[in-house]
Structures are given as C-alpha cells and as structure tokens.
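Trainee: My structure is stored as my_file-v1.cif, with mmCIF, C-alpha atoms.
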data_input
loop_
_atom_site.label_atom_id
_atom_site.label_comp_id
_atom_site.auth_asym_id
_atom_site.auth_seq_id
_atom_site.Cartn_x
_atom_site.Cartn_y
_atom_site.Cartn_z
CA LEU A 285 0.00 0.00 0.00
CA LYS A 286 1.17 3.52 -0.78
CA LEU A 287 -0.55 6.57 0.66
CA PHE A 288 -0.42 9.93 -1.10
CA ASP A 289 -0.38 12.05 1.99
CA TYR A 290 -0.03 15.57 3.39
CA PHE A 291 0.40 16.02 7.11
CA ARG A 292 -2.20 18.76 7.41
CA SER A 293 -4.90 17.26 5.20
CA SER A 294 -7.64 16.13 7.51
CA ALA A 295 -8.98 13.74 4.86
CA ALA A 296 -5.53 12.08 4.74
CA TYR A 297 -5.45 12.10 8.56
CA ARG A 298 -8.63 9.93 8.52
CA VAL A 299 -6.94 7.35 6.30
CA ARG A 300 -3.80 7.38 8.46
CA ILE A 301 -5.92 6.58 11.53
CA ALA A 302 -7.71 3.74 9.71
CA LEU A 303 -4.42 2.24 8.47
CA ASN A 304 -2.93 2.39 11.98
CA PHE A 305 -6.08 0.97 13.54
CA LYS A 306 -5.96 -2.03 11.23
CA GLY A 307 -2.23 -2.47 11.74
CA LEU A 308 -1.42 -1.84 8.08
CA ALA A 309 1.87 -0.33 7.00
CA ALA A 310 1.76 1.97 3.97
CA GLU A 311 4.61 3.56 2.09
CA ARG A 312 4.23 7.35 1.82
CA ALA A 313 4.34 9.77 -1.08
CA TYR A 314 4.07 13.33 0.16
CA VAL A 315 2.09 15.83 -1.87
CA HIS A 316 2.55 19.38 -0.59
CA LEU A 317 -0.86 21.03 -0.83
CA ARG A 318 0.29 24.58 -0.05
CA LYS A 319 2.90 24.31 -2.81
CA GLY A 320 0.17 23.07 -5.18
CA GLU A 321 1.80 19.70 -5.84
CA GLN A 322 -1.69 18.12 -6.04
CA MET A 323 -2.07 19.92 -9.37
CA SER A 324 1.11 18.49 -10.90
CA VAL A 325 0.69 16.52 -14.13
CA GLU A 326 2.07 13.47 -12.35
CA TYR A 327 -0.44 13.60 -9.51
CA LEU A 328 -3.41 14.47 -11.73
CA ALA A 329 -2.61 11.38 -13.79
CA ARG A 330 -3.34 9.38 -10.64
CA ASN A 331 -6.22 11.46 -9.32
CA PRO A 332 -7.85 13.93 -11.77
CA GLN A 333 -9.61 15.56 -8.83
CA GLY A 334 -6.28 16.90 -7.56
CA LEU A 335 -7.25 16.07 -3.99
CA ILE A 336 -5.43 14.27 -1.20
CA PRO A 337 -5.46 11.43 -0.11
CA ALA A 338 -5.11 8.65 -2.65
CA LEU A 339 -4.15 5.08 -1.84
CA GLU A 340 -2.31 2.89 -4.32
CA THR A 341 -2.84 -0.82 -3.80
CA ASP A 342 -0.12 -3.42 -4.24
CA GLU A 343 -1.72 -4.18 -7.65
CA HIS A 344 -1.32 -0.46 -8.57
CA ALA A 345 -5.01 0.41 -8.46
CA VAL A 346 -5.44 3.99 -7.23
CA LEU A 347 -8.26 4.60 -4.76
CA THR A 348 -9.48 8.12 -4.02
CA GLN A 349 -11.86 9.83 -1.57
CA SER A 350 -11.00 9.13 2.07
CA LEU A 351 -14.31 7.49 2.98
CA ALA A 352 -14.25 5.22 -0.07
CA ILE A 353 -10.67 4.27 0.82
CA ILE A 354 -11.66 3.45 4.41
CA GLU A 355 -14.70 1.39 3.29
CA TRP A 356 -12.29 -0.51 1.01
CA LEU A 357 -9.89 -1.08 3.91
CA GLU A 358 -12.85 -2.28 6.00
CA GLU A 359 -13.96 -4.75 3.32
CA THR A 360 -10.43 -5.95 2.54
CA TYR A 361 -9.04 -6.06 6.09
CA PRO A 362 -12.21 -6.51 8.18
CA GLN A 363 -10.55 -6.87 11.59
CA PRO A 364 -10.39 -4.85 13.76
CA ALA A 365 -13.64 -3.39 12.44
CA LEU A 366 -14.38 0.32 11.98
CA LEU A 367 -18.08 -0.28 11.31
CA PRO A 368 -20.50 -2.08 13.62
CA ARG A 369 -22.42 -5.12 12.34
CA ALA A 370 -26.08 -4.14 12.37
CA ALA A 371 -27.35 -2.06 9.44
CA LEU A 372 -28.96 0.59 11.65
CA ASP A 373 -25.75 1.02 13.64
CA ARG A 374 -23.72 1.23 10.44
CA ALA A 375 -26.10 3.89 9.15
CA ARG A 376 -25.65 5.97 12.31
CA VAL A 377 -21.86 5.72 12.14
CA ARG A 378 -21.79 6.60 8.44
CA ALA A 379 -24.17 9.53 8.98
CA ILE A 380 -21.91 11.00 11.67
CA ALA A 381 -18.88 10.54 9.41
CA LEU A 382 -20.65 12.12 6.44
CA SER A 383 -21.94 15.04 8.50
CA ILE A 384 -18.27 15.94 8.92
CA ALA A 385 -16.91 14.78 5.55
CA CYS A 386 -19.68 16.39 3.46
CA ASP A 387 -21.07 19.22 5.52
CA ILE A 388 -18.14 20.68 7.44
CA HIS A 389 -14.81 19.81 5.88
CA PRO A 390 -15.24 20.60 2.15
CA ILE A 391 -16.69 24.07 2.81
CA ASP A 392 -13.64 24.96 4.90
CA ASN A 393 -11.12 23.32 2.60
CA LEU A 394 -7.98 25.22 1.56
CA ARG A 395 -9.11 25.65 -2.07
CA VAL A 396 -12.41 27.19 -0.93
CA LEU A 397 -10.66 29.58 1.47
CA ASN A 398 -8.29 30.58 -1.34
CA TYR A 399 -11.25 31.34 -3.61
CA LEU A 400 -12.77 33.54 -0.92
CA THR A 401 -9.65 35.65 -0.50
CA ARG A 402 -8.16 35.57 -4.01
CA THR A 403 -11.26 35.61 -6.23
CA LEU A 404 -13.89 37.26 -4.04
CA GLY A 405 -11.43 39.58 -2.30
CA VAL A 406 -12.76 38.72 1.14
CA THR A 407 -10.68 39.97 4.10
CA ASP A 408 -8.73 37.53 6.28
CA ALA A 409 -11.12 38.29 9.15
CA ALA A 410 -14.16 37.43 7.01
CA LYS A 411 -12.42 34.27 5.80
CA ASP A 412 -11.77 33.23 9.41
CA ALA A 413 -15.41 33.97 10.30
CA TRP A 414 -16.49 31.77 7.39
CA TYR A 415 -14.36 28.91 8.68
CA GLU A 416 -15.69 29.30 12.18
CA HIS A 417 -19.30 29.59 10.99
CA TRP A 418 -19.39 26.25 9.14
CA CYS A 419 -17.24 24.45 11.65
CA THR A 420 -19.26 25.55 14.71
CA LEU A 421 -22.57 24.99 12.92
CA GLY A 422 -21.63 21.40 12.11
CA LEU A 423 -19.94 20.62 15.43
CA GLY A 424 -22.87 22.14 17.34
CA ALA A 425 -25.37 19.90 15.56
CA LEU A 426 -23.14 16.90 16.15
CA GLU A 427 -22.79 17.72 19.87
CA THR A 428 -26.62 17.94 20.15
CA GLN A 429 -27.02 14.60 18.40
CA LEU A 430 -24.33 12.70 20.30
CA ALA A 431 -25.29 14.14 23.69
CA ARG A 432 -28.90 13.01 23.40
CA GLU A 433 -28.60 9.64 21.67
CA SER A 434 -28.20 6.55 23.83
CA ALA A 435 -26.11 4.86 21.13
CA THR A 436 -23.26 7.24 22.00
CA GLY A 437 -20.80 5.56 24.32
CA ARG A 438 -17.15 6.14 25.19
CA PHE A 439 -16.81 6.72 21.46
CA CYS A 440 -19.24 8.26 18.95
CA HIS A 441 -20.97 4.91 18.65
CA GLY A 442 -20.72 2.55 21.60
CA ASP A 443 -17.46 1.63 23.26
CA GLN A 444 -15.28 0.88 20.24
CA PRO A 445 -13.76 3.32 17.76
CA THR A 446 -15.57 3.56 14.43
CA LEU A 447 -15.44 5.51 11.18
CA ALA A 448 -17.28 8.29 13.03
CA ASP A 449 -14.37 8.82 15.43
CA VAL A 450 -11.94 8.56 12.52
CA CYS A 451 -13.65 11.64 11.04
CA LEU A 452 -14.28 13.49 14.31
CA VAL A 453 -10.70 13.64 15.60
CA PRO A 454 -9.19 15.33 12.49
CA GLN A 455 -12.09 17.81 12.36
CA LEU A 456 -11.51 18.82 15.99
CA ALA A 457 -7.81 19.22 15.26
CA ASN A 458 -8.78 21.59 12.44
CA ALA A 459 -11.15 23.47 14.72
CA ARG A 460 -8.39 23.99 17.25
CA ARG A 461 -6.03 25.32 14.57
CA VAL A 462 -8.43 28.24 14.02
CA SER A 463 -8.90 28.76 17.77
CA ILE A 464 -12.38 27.31 18.09
CA ASP A 465 -13.00 26.34 21.74
CA VAL A 466 -13.46 22.58 21.52
CA ALA A 467 -14.37 22.46 25.23
CA SER A 468 -17.71 24.07 24.36
CA TYR A 469 -18.65 20.71 22.78
CA PRO A 470 -18.29 18.57 25.92
CA THR A 471 -19.40 15.26 24.38
CA LEU A 472 -17.14 15.68 21.35
CA ALA A 473 -14.21 16.76 23.55
CA ARG A 474 -14.73 13.75 25.86
CA ILE A 475 -14.75 11.34 22.91
CA GLU A 476 -11.69 13.01 21.40
CA SER A 477 -9.72 12.57 24.62
CA VAL A 478 -10.52 8.84 24.66
CA CYS A 479 -9.52 8.51 21.00
CA ILE A 480 -6.21 10.33 21.15
CA ALA A 481 -5.12 8.12 24.03
CA LEU A 482 -5.03 5.28 21.48
CA PRO A 483 -1.81 4.88 19.45
CA ALA A 484 -3.77 4.47 16.17
CA PHE A 485 -5.10 8.01 16.57
CA ALA A 486 -2.08 9.56 18.28
CA ASP A 487 0.42 8.31 15.69
CA ALA A 488 -1.70 9.71 12.83
CA ALA A 489 -1.61 13.27 14.16
CA PRO A 490 -0.22 15.89 11.75
CA ALA A 491 2.69 16.84 14.01
CA LYS A 492 3.89 13.23 14.08
CA GLN A 493 4.22 12.91 10.29
CA ALA A 494 7.55 12.89 8.46
CA ASP A 495 6.47 15.83 6.27
CA ALA A 496 5.27 17.98 9.21
CA GLU A 497 6.55 21.55 9.22
CA LEU B 252 -40.61 4.06 5.35
CA LYS B 253 -41.14 7.81 5.47
CA LEU B 254 -38.93 10.21 3.52
CA PHE B 255 -38.44 13.80 4.63
CA ASP B 256 -38.16 15.29 1.21
CA TYR B 257 -37.93 18.50 -0.80
CA PHE B 258 -38.33 18.35 -4.56
CA ARG B 259 -35.32 20.50 -5.31
CA SER B 260 -32.87 18.99 -2.82
CA SER B 261 -30.40 16.98 -4.85
CA ALA B 262 -29.46 14.92 -1.78
CA ALA B 263 -33.13 13.92 -1.40
CA TYR B 264 -33.26 13.27 -5.15
CA ARG B 265 -30.52 10.64 -4.68
CA VAL B 266 -32.59 8.82 -2.05
CA ARG B 267 -35.72 9.01 -4.24
CA ILE B 268 -33.82 7.30 -7.08
CA ALA B 269 -32.52 4.58 -4.74
CA LEU B 270 -35.99 3.91 -3.30
CA ASN B 271 -37.50 3.68 -6.78
CA PHE B 272 -34.67 1.49 -8.03
CA LYS B 273 -35.26 -0.98 -5.21
CA GLY B 274 -39.02 -0.85 -5.70
CA LEU B 275 -39.64 0.57 -2.22
CA ALA B 276 -42.62 2.79 -1.48
CA ALA B 277 -42.05 5.55 1.06
CA GLU B 278 -44.55 7.94 2.58
CA ARG B 279 -43.51 11.58 2.17
CA ALA B 280 -43.18 14.48 4.58
CA TYR B 281 -42.29 17.64 2.69
CA VAL B 282 -39.88 20.10 4.26
CA HIS B 283 -39.76 23.37 2.35
CA LEU B 284 -36.10 24.43 2.34
CA ARG B 285 -36.64 27.91 0.92
CA LYS B 286 -39.19 28.62 3.64
CA GLY B 287 -36.70 27.38 6.23
CA GLU B 288 -38.86 24.52 7.47
CA GLN B 289 -35.71 22.40 8.01
CA MET B 290 -34.97 24.71 10.98
CA SER B 291 -38.33 24.14 12.69
CA VAL B 292 -38.21 22.76 16.22
CA GLU B 293 -40.12 19.72 15.01
CA TYR B 294 -37.67 18.89 12.23
CA LEU B 295 -34.56 19.62 14.29
CA ALA B 296 -35.86 17.14 16.87
CA ARG B 297 -35.51 14.51 14.14
CA ASN B 298 -32.34 15.80 12.53
CA PRO B 299 -30.28 18.33 14.52
CA GLN B 300 -28.32 19.08 11.35
CA GLY B 301 -31.38 20.72 9.80
CA LEU B 302 -30.62 19.10 6.47
CA ILE B 303 -32.76 17.15 4.02
CA PRO B 304 -33.24 14.21 3.48
CA ALA B 305 -34.02 12.03 6.48
CA LEU B 306 -35.60 8.60 6.32
CA GLU B 307 -37.75 7.25 9.13
CA THR B 308 -37.88 3.47 9.29
CA ASP B 309 -41.00 1.50 10.15
CA GLU B 310 -39.51 1.12 13.65
CA HIS B 311 -39.24 4.95 13.89
CA ALA B 312 -35.46 5.15 13.69
CA VAL B 313 -34.43 8.31 11.84
CA LEU B 314 -31.60 7.96 9.34
CA THR B 315 -29.80 11.02 8.00
CA GLN B 316 -27.23 11.81 5.30
CA SER B 317 -28.23 10.63 1.84
CA LEU B 318 -25.26 8.30 1.30
CA ALA B 319 -25.67 6.67 4.72
CA ILE B 320 -29.38 6.19 3.95
CA ILE B 321 -28.59 4.59 0.59
CA GLU B 322 -25.95 2.28 2.12
CA TRP B 323 -28.61 1.25 4.68
CA LEU B 324 -31.10 0.59 1.88
CA GLU B 325 -28.44 -1.47 0.11
CA GLU B 326 -27.73 -3.56 3.21
CA THR B 327 -31.41 -3.96 4.13
CA TYR B 328 -32.85 -4.48 0.63
CA PRO B 329 -29.84 -5.84 -1.29
CA GLN B 330 -31.57 -6.52 -4.62
CA PRO B 331 -31.42 -4.95 -7.10
CA ALA B 332 -27.95 -3.83 -6.02
CA LEU B 333 -26.57 -0.30 -6.22
CA LEU B 334 -23.02 -1.41 -5.39
CA PRO B 335 -20.98 -4.00 -7.31
CA ARG B 336 -19.61 -7.03 -5.47
CA ALA B 337 -15.82 -6.71 -5.62
CA ALA B 338 -14.18 -4.39 -3.09
CA LEU B 339 -12.16 -2.50 -5.73
CA ASP B 340 -15.28 -1.89 -7.81
CA ARG B 341 -17.20 -0.75 -4.75
CA ALA B 342 -14.36 1.66 -3.93
CA ARG B 343 -14.50 3.16 -7.42
CA VAL B 344 -18.29 3.60 -7.26
CA ARG B 345 -18.14 5.14 -3.79
CA ALA B 346 -15.30 7.47 -4.81
CA ILE B 347 -17.31 8.79 -7.77
CA ALA B 348 -20.34 9.28 -5.51
CA LEU B 349 -18.26 11.05 -2.84
CA SER B 350 -16.52 13.28 -5.39
CA ILE B 351 -19.99 14.70 -6.02
CA ALA B 352 -21.47 14.43 -2.52
CA CYS B 353 -18.44 15.89 -0.72
CA ASP B 354 -16.62 18.02 -3.24
CA ILE B 355 -19.29 19.58 -5.44
CA HIS B 356 -22.69 19.60 -3.81
CA PRO B 357 -22.06 20.98 -0.27
CA ILE B 358 -20.05 23.96 -1.52
CA ASP B 359 -22.93 24.97 -3.80
CA ASN B 360 -25.67 24.23 -1.29
CA LEU B 361 -28.42 26.79 -0.65
CA ARG B 362 -27.19 27.68 2.84
CA VAL B 363 -23.68 28.39 1.51
CA LEU B 364 -25.02 30.58 -1.31
CA ASN B 365 -27.16 32.45 1.24
CA TYR B 366 -24.06 33.10 3.38
CA LEU B 367 -22.22 34.49 0.34
CA THR B 368 -24.94 37.00 -0.49
CA ARG B 369 -26.37 37.82 2.96
CA THR B 370 -23.28 37.72 5.17
CA LEU B 371 -20.44 38.46 2.77
CA GLY B 372 -22.49 40.80 0.59
CA VAL B 373 -21.38 39.12 -2.61
CA THR B 374 -23.26 40.14 -5.79
CA ASP B 375 -25.63 37.73 -7.51
CA ALA B 376 -23.20 37.53 -10.43
CA ALA B 377 -20.32 36.57 -8.13
CA LYS B 378 -22.55 34.03 -6.38
CA ASP B 379 -23.42 32.46 -9.76
CA ALA B 380 -19.74 32.41 -10.70
CA TRP B 381 -18.99 30.62 -7.40
CA TYR B 382 -21.60 27.98 -8.20
CA GLU B 383 -20.27 27.50 -11.69
CA HIS B 384 -16.65 27.36 -10.52
CA TRP B 385 -17.11 24.44 -8.09
CA CYS B 386 -19.58 22.62 -10.27
CA THR B 387 -17.46 22.77 -13.44
CA LEU B 388 -14.26 21.98 -11.53
CA GLY B 389 -15.80 18.82 -10.09
CA LEU B 390 -17.64 17.75 -13.24
CA GLY B 391 -14.53 18.37 -15.35
CA ALA B 392 -12.43 16.09 -13.15
CA LEU B 393 -15.15 13.45 -13.23
CA GLU B 394 -15.40 13.65 -17.03
CA THR B 395 -11.62 13.15 -17.28
CA GLN B 396 -11.77 10.16 -14.96
CA LEU B 397 -14.78 8.43 -16.51
CA ALA B 398 -13.64 9.05 -20.09
CA ARG B 399 -10.29 7.37 -19.54
CA GLU B 400 -11.12 4.47 -17.24
CA SER B 401 -12.09 1.17 -18.81
CA ALA B 402 -14.38 0.39 -15.86
CA THR B 403 -16.79 3.01 -17.21
CA GLY B 404 -19.56 1.39 -19.24
CA ARG B 405 -23.06 2.42 -20.24
CA PHE B 406 -23.24 3.74 -16.68
CA CYS B 407 -20.54 5.28 -14.46
CA HIS B 408 -19.40 1.78 -13.53
CA GLY B 409 -20.10 -0.99 -15.98
CA ASP B 410 -23.49 -1.63 -17.51
CA GLN B 411 -25.73 -1.43 -14.43
CA PRO B 412 -26.76 1.66 -12.47
CA THR B 413 -24.88 2.18 -9.21
CA LEU B 414 -24.62 4.67 -6.39
CA ALA B 415 -22.35 6.71 -8.67
CA ASP B 416 -25.16 7.29 -11.19
CA VAL B 417 -27.56 8.01 -8.32
CA CYS B 418 -25.32 10.95 -7.39
CA LEU B 419 -24.43 12.04 -10.93
CA VAL B 420 -27.94 12.57 -12.29
CA PRO B 421 -29.09 15.03 -9.57
CA GLN B 422 -25.82 16.95 -9.85
CA LEU B 423 -26.26 17.36 -13.60
CA ALA B 424 -29.83 18.53 -13.01
CA ASN B 425 -28.43 21.16 -10.65
CA ALA B 426 -25.80 22.18 -13.20
CA ARG B 427 -28.47 22.68 -15.83
CA ARG B 428 -30.51 24.87 -13.49
CA VAL B 429 -27.64 27.36 -13.43
CA SER B 430 -27.13 27.12 -17.20
CA ILE B 431 -23.96 25.05 -17.20
CA ASP B 432 -23.57 23.35 -20.57
CA VAL B 433 -23.77 19.67 -19.68
CA ALA B 434 -22.96 18.70 -23.28
CA SER B 435 -19.38 19.85 -22.68
CA TYR B 436 -19.02 16.72 -20.51
CA PRO B 437 -19.79 14.14 -23.19
CA THR B 438 -19.25 11.03 -21.07
CA LEU B 439 -21.36 12.37 -18.21
CA ALA B 440 -24.09 13.52 -20.61
CA ARG B 441 -24.13 10.13 -22.33
CA ILE B 442 -24.49 8.31 -18.99
CA GLU B 443 -27.19 10.72 -17.87
CA SER B 444 -29.26 10.06 -20.99
CA VAL B 445 -29.11 6.30 -20.33
CA CYS B 446 -30.09 6.83 -16.66
CA ILE B 447 -33.04 9.13 -17.20
CA ALA B 448 -34.55 6.67 -19.65
CA LEU B 449 -35.08 4.39 -16.64
CA PRO B 450 -38.28 4.93 -14.61
CA ALA B 451 -36.38 4.79 -11.28
CA PHE B 452 -34.45 7.90 -12.30
CA ALA B 453 -37.19 9.63 -14.31
CA ASP B 454 -39.81 9.33 -11.58
CA ALA B 455 -37.44 10.83 -8.99
CA ALA B 456 -36.93 14.06 -10.95
CA PRO B 457 -37.80 17.27 -9.07
CA ALA B 458 -40.55 18.28 -11.53
CA LYS B 459 -42.34 14.98 -10.96
CA GLN B 460 -42.67 15.40 -7.19
CA ALA B 461 -45.93 16.30 -5.45
CA ASP B 462 -44.33 19.35 -3.79
CA ALA B 463 -42.83 20.70 -7.05
CA GLU B 464 -43.48 24.38 -7.72
#
I need this file expressed as structure tokens, please.
Mentor:
Amino acid sequence: LKLFDYFRSSAAYRVRIALNFKGLAAERAYVHLRKGEQMSVEYLARNPQGLIPALETDEHAVLTQSLAIIEWLEETYPQPALLPRAALDRARVRAIALSIACDIHPIDNLRVLNYLTRTLGVTDAAKDAWYEHWCTLGLGALETQLARESATGRFCHGDQPTLADVCLVPQLANARRVSIDVASYPTLARIESVCIALPAFADAAPAKQADAE
Amino acid sequence: LKLFDYFRSSAAYRVRIALNFKGLAAERAYVHLRKGEQMSVEYLARNPQGLIPALETDEHAVLTQSLAIIEWLEETYPQPALLPRAALDRARVRAIALSIACDIHPIDNLRVLNYLTRTLGVTDAAKDAWYEHWCTLGLGALETQLARESATGRFCHGDQPTLADVCLVPQLANARRVSIDVASYPTLARIESVCIALPAFADAAPAKQADAE
C-alpha cells in the first residue's frame, strides 16, 4: 500500500488513523498542498480531482476519496472493524462521518478559502469567520445529536472506535487550529480525549508525520 | 418508510432514485427548504443538522445523510444492487459518488449561497460564478476520470446503475438549473441520458414530485 499524503490534510489524517487501527503499513508519497503539488501533471494522472489522499494498492489500483478508501480497507481487512455489524448502527456511524466529511470539511477546505480571498477579495477576518461559521454549525449539531442519543458511548458509537471517530478527531484538530473552543462541545471533547489516548489516533496526528513543518 | 423530502434537494433526489430502483414505497413528509422549514423545532428534533433528506424506518429510527441512507437501503434491501460485489469496484463507485457528494454539492448548497450574499455581501453575479466554478471543476475532473477508465460502461461503472449514477444525475440537473452546458461533458451527458430513460431515475426528478413548484 502507498498513501499519497499531506500532514495537514484532515482527509488524509482519517486514512492514516484507519491504516494504523488495522495495523497496516503503507509507504508514503508526500504531496505538498500549499505548494500546489496536487495539481502536478504526475499527480493528476493518478487522481484527476487533484485532492489528497489517494491510496495505491499493491496491484497499482489507485483509490481516491477518504471514505471510499476506508470502506475498502474495511472490506479488505475486516478486523479490527471500523463499522458495527447491524445495518442501523452502520447507518448511524456513516451519517456522523458524512456530517463531517460532506457538511463541514469541504466548505472549509484550503481551495475554498483561497477562492474567498483571491477571487472574491474577502478579508482575512471574514475568511476566518467563514471557517468558524461552518465548523461551529456542524460541530454544534453533532454535539446535540451525540449528547442526546443513547447509542453514543465512550466513542461516537458505543465503546469501540468507528469511522465516526476517525472523522471526528481530524475535524476537531482543524477546529483547534483556528482557535475554536473545543471544550464548548463537551461530548465531542470527551470522545476526542478517549480517541487520542489510542496509538492508532495519536500516531496519525499531523505533528507526528515525516512531512510535518 | 417515510422520507423527509424537498423536490429541489439533490441529496433527497438521490434517495428518491434509490428507493424507486429498489421498488420501495415511502410515505412523504415535505420540508420546504426555501421557507426554512428544516430549521423548525419539530424537524430539528428529528435531525439536529437541519438538512434534508431524512428517512424514518418503520420502527421509527431516523436515518440522516443521503449516502448513509442509501448504504442502509443497500444492506437492508440488497436486490437490485446499487453497489458492485468486488471491493475495488465498490471503492470506485463510492469514490465517484463522494466526489460529487463531498466536493461539489455541499459547496454549492443553498445555505452556503445564502451566506455568500447575505453575510459576505457578494453580488448575484459573483454568487453564480462561485456555483459554476465548483460545479465545473468537479464535473470536469469526473469527465476526465470516466472518459479514460475502462471500468466506465453504459453507466458510471459498468453496464448497471450504481450509487455513482444516483449521485451524478441530480448533480447534472443542478448544473443545468444554473445554465452550465452539460454537453461539454460528453461522457457524463451520455451516462445521464441512459439513466433518465429508466423509470427509477425519471420518476425521482424534481418536476415529478408532489411538492414541485
């Protein structure tokens, strides 16, 4: 396995957690997003979307989209599992993951922030307010949901880590980077603290990566 | 089954296609997005995210996030299938679906467009350019991918409809609504024409819904 990675990409961070959790080693190819390396001819030949991460299998198939990659890992290396067994439980875990991966992260992605400042001429303060708006809106809804649902346990779903936690931890790391007070989401903060005590999560953190700056 | 639906929501449109494809009847509850009904106390009690769609099961569980709902439908009513069998094929289908559901649709969602005009004071022309930018960027990458990959068939993946087509058709309908020339994506347009000839897709179209305006 070979992961096309960037330390600060929270989508790549999800895949790093999943690989660690399943005990899988993956070679790294670093693609520097701030230098625009995701738009190189070489990288676009692998992933025309120009987004990180991508995972190359040992048979040289290239998988893209972090959640599709993690579902593939789950189907190919089922144990330890990142999805529960029952369909309703799987639906809840996937919905939590997607509420982050669809409705928070892409709106606050680097390319969107660049469009705001470079194309729309928005000030840095307005750009930061944008980031905070979408991040707090999504995290607030997630806090409400997790705090009231009995299916929430030590982790987002029950007492084992799932795909939901794999998405939550990188999003909270992002939130902290823009000075959002994570403690104001007590359920999310509690779950995060349980997650980051696990090596699979801790070792995937941006600061621990070989390309970290 | 009861679908919380809005004719123009392309995420709800995906679930309508999947229900039709699997021959499942679902009662409807209409939530008028432009009137803000998704933010009513009653709806937020079901889905704290305030997003459409949601699907209530016969046991009164509420499922959210269109792709999580469709994966649940797939696991609960496996035939006819919307995902292929082999893990690599499933990963390709999910990646195509996610490239739309994560990286095009949420950035052009109504609430984001409202923030641009109401909070950032962006002109209508700049808002339209924003929509077109993200939509054409994503569709262009998808056209490149589908045109060159041999796994593409009459549909996005092979010769049967999959989750990828379920996401593609509503996104192209959205593109057309803002006057994007879909014909400039010949592979996508060809697949769309094959899809909308099928009743499952045709009957899910916004104009065919009881709440259409």
Trainee: Any idea what the distance is between CA of Trp385 in chain B and CA of Leu349 in chain B?
Mentor: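 One can read the CA of Trp385 in chain B to CA of Leu349 in chain B distance as 14.4 Å.
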Trainee: When the cut-off is 6 Å and we count all atoms listed in the file, which residues of chain A are near chain B, given as a PyMOL selection string?
Mentor: chain A and resi 332-333+348-349+352+356+371+375+378-379+386+391+425
Trainee: Using only C-alpha atoms, which protein or nucleic acid residues come within 6 Å of range 446-463 of chain B? Drop anything in the same chain fewer than 2 positions from it, and give the result as a list in words.
Mentor: Phe258, Arg259, Arg267, Ile268, Asn271, Phe272, Glu443 and Ser444 of chain B
Trainee: CA of Glu416 in chain A and CA of Ser463 in chain A, how far apart in Å?
Mentor: 8.8 Å
Trainee: Which value, in Å to one decimal, gives the distance between CA of Thr413 in chain B and CA of Ala305 in chain B?
Mentor: 20.7 Å
Trainee: Specify as a short mmCIF file (atom, residue, chain, number, x, y, z; two decimals) with C-alpha atoms, keeping the file's coordinate frame each residue included when the PyMOL selection byres ((chain A and resi 314-317) around 8) is applied to this file.
Mentor:
data_model
loop_
_atom_site.label_atom_id
_atom_site.label_comp_id
_atom_site.auth_asym_id
_atom_site.auth_seq_id
_atom_site.Cartn_x
_atom_site.Cartn_y
_atom_site.Cartn_z
CA PHE A 288 -0.42 9.93 -1.10
CA ASP A 289 -0.38 12.05 1.99
CA TYR A 290 -0.03 15.57 3.39
CA ARG A 312 4.23 7.35 1.82
CA ALA A 313 4.34 9.77 -1.08
CA ARG A 318 0.29 24.58 -0.05
CA LYS A 319 2.90 24.31 -2.81
CA GLY A 320 0.17 23.07 -5.18
CA GLU A 321 1.80 19.70 -5.84
CA GLN A 322 -1.69 18.12 -6.04
CA ILE A 336 -5.43 14.27 -1.20
CA ASP A 495 6.47 15.83 6.27
#
Trainee: Smallest atom-to-atom distance to Pro454 in chain A: which of A:Leu367, A:Cys419, A:Ala295, A:Val325, using only C-alpha atoms?
Mentor: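 For Pro454 in chain A, the nearest of the candidates is A:Ala295.
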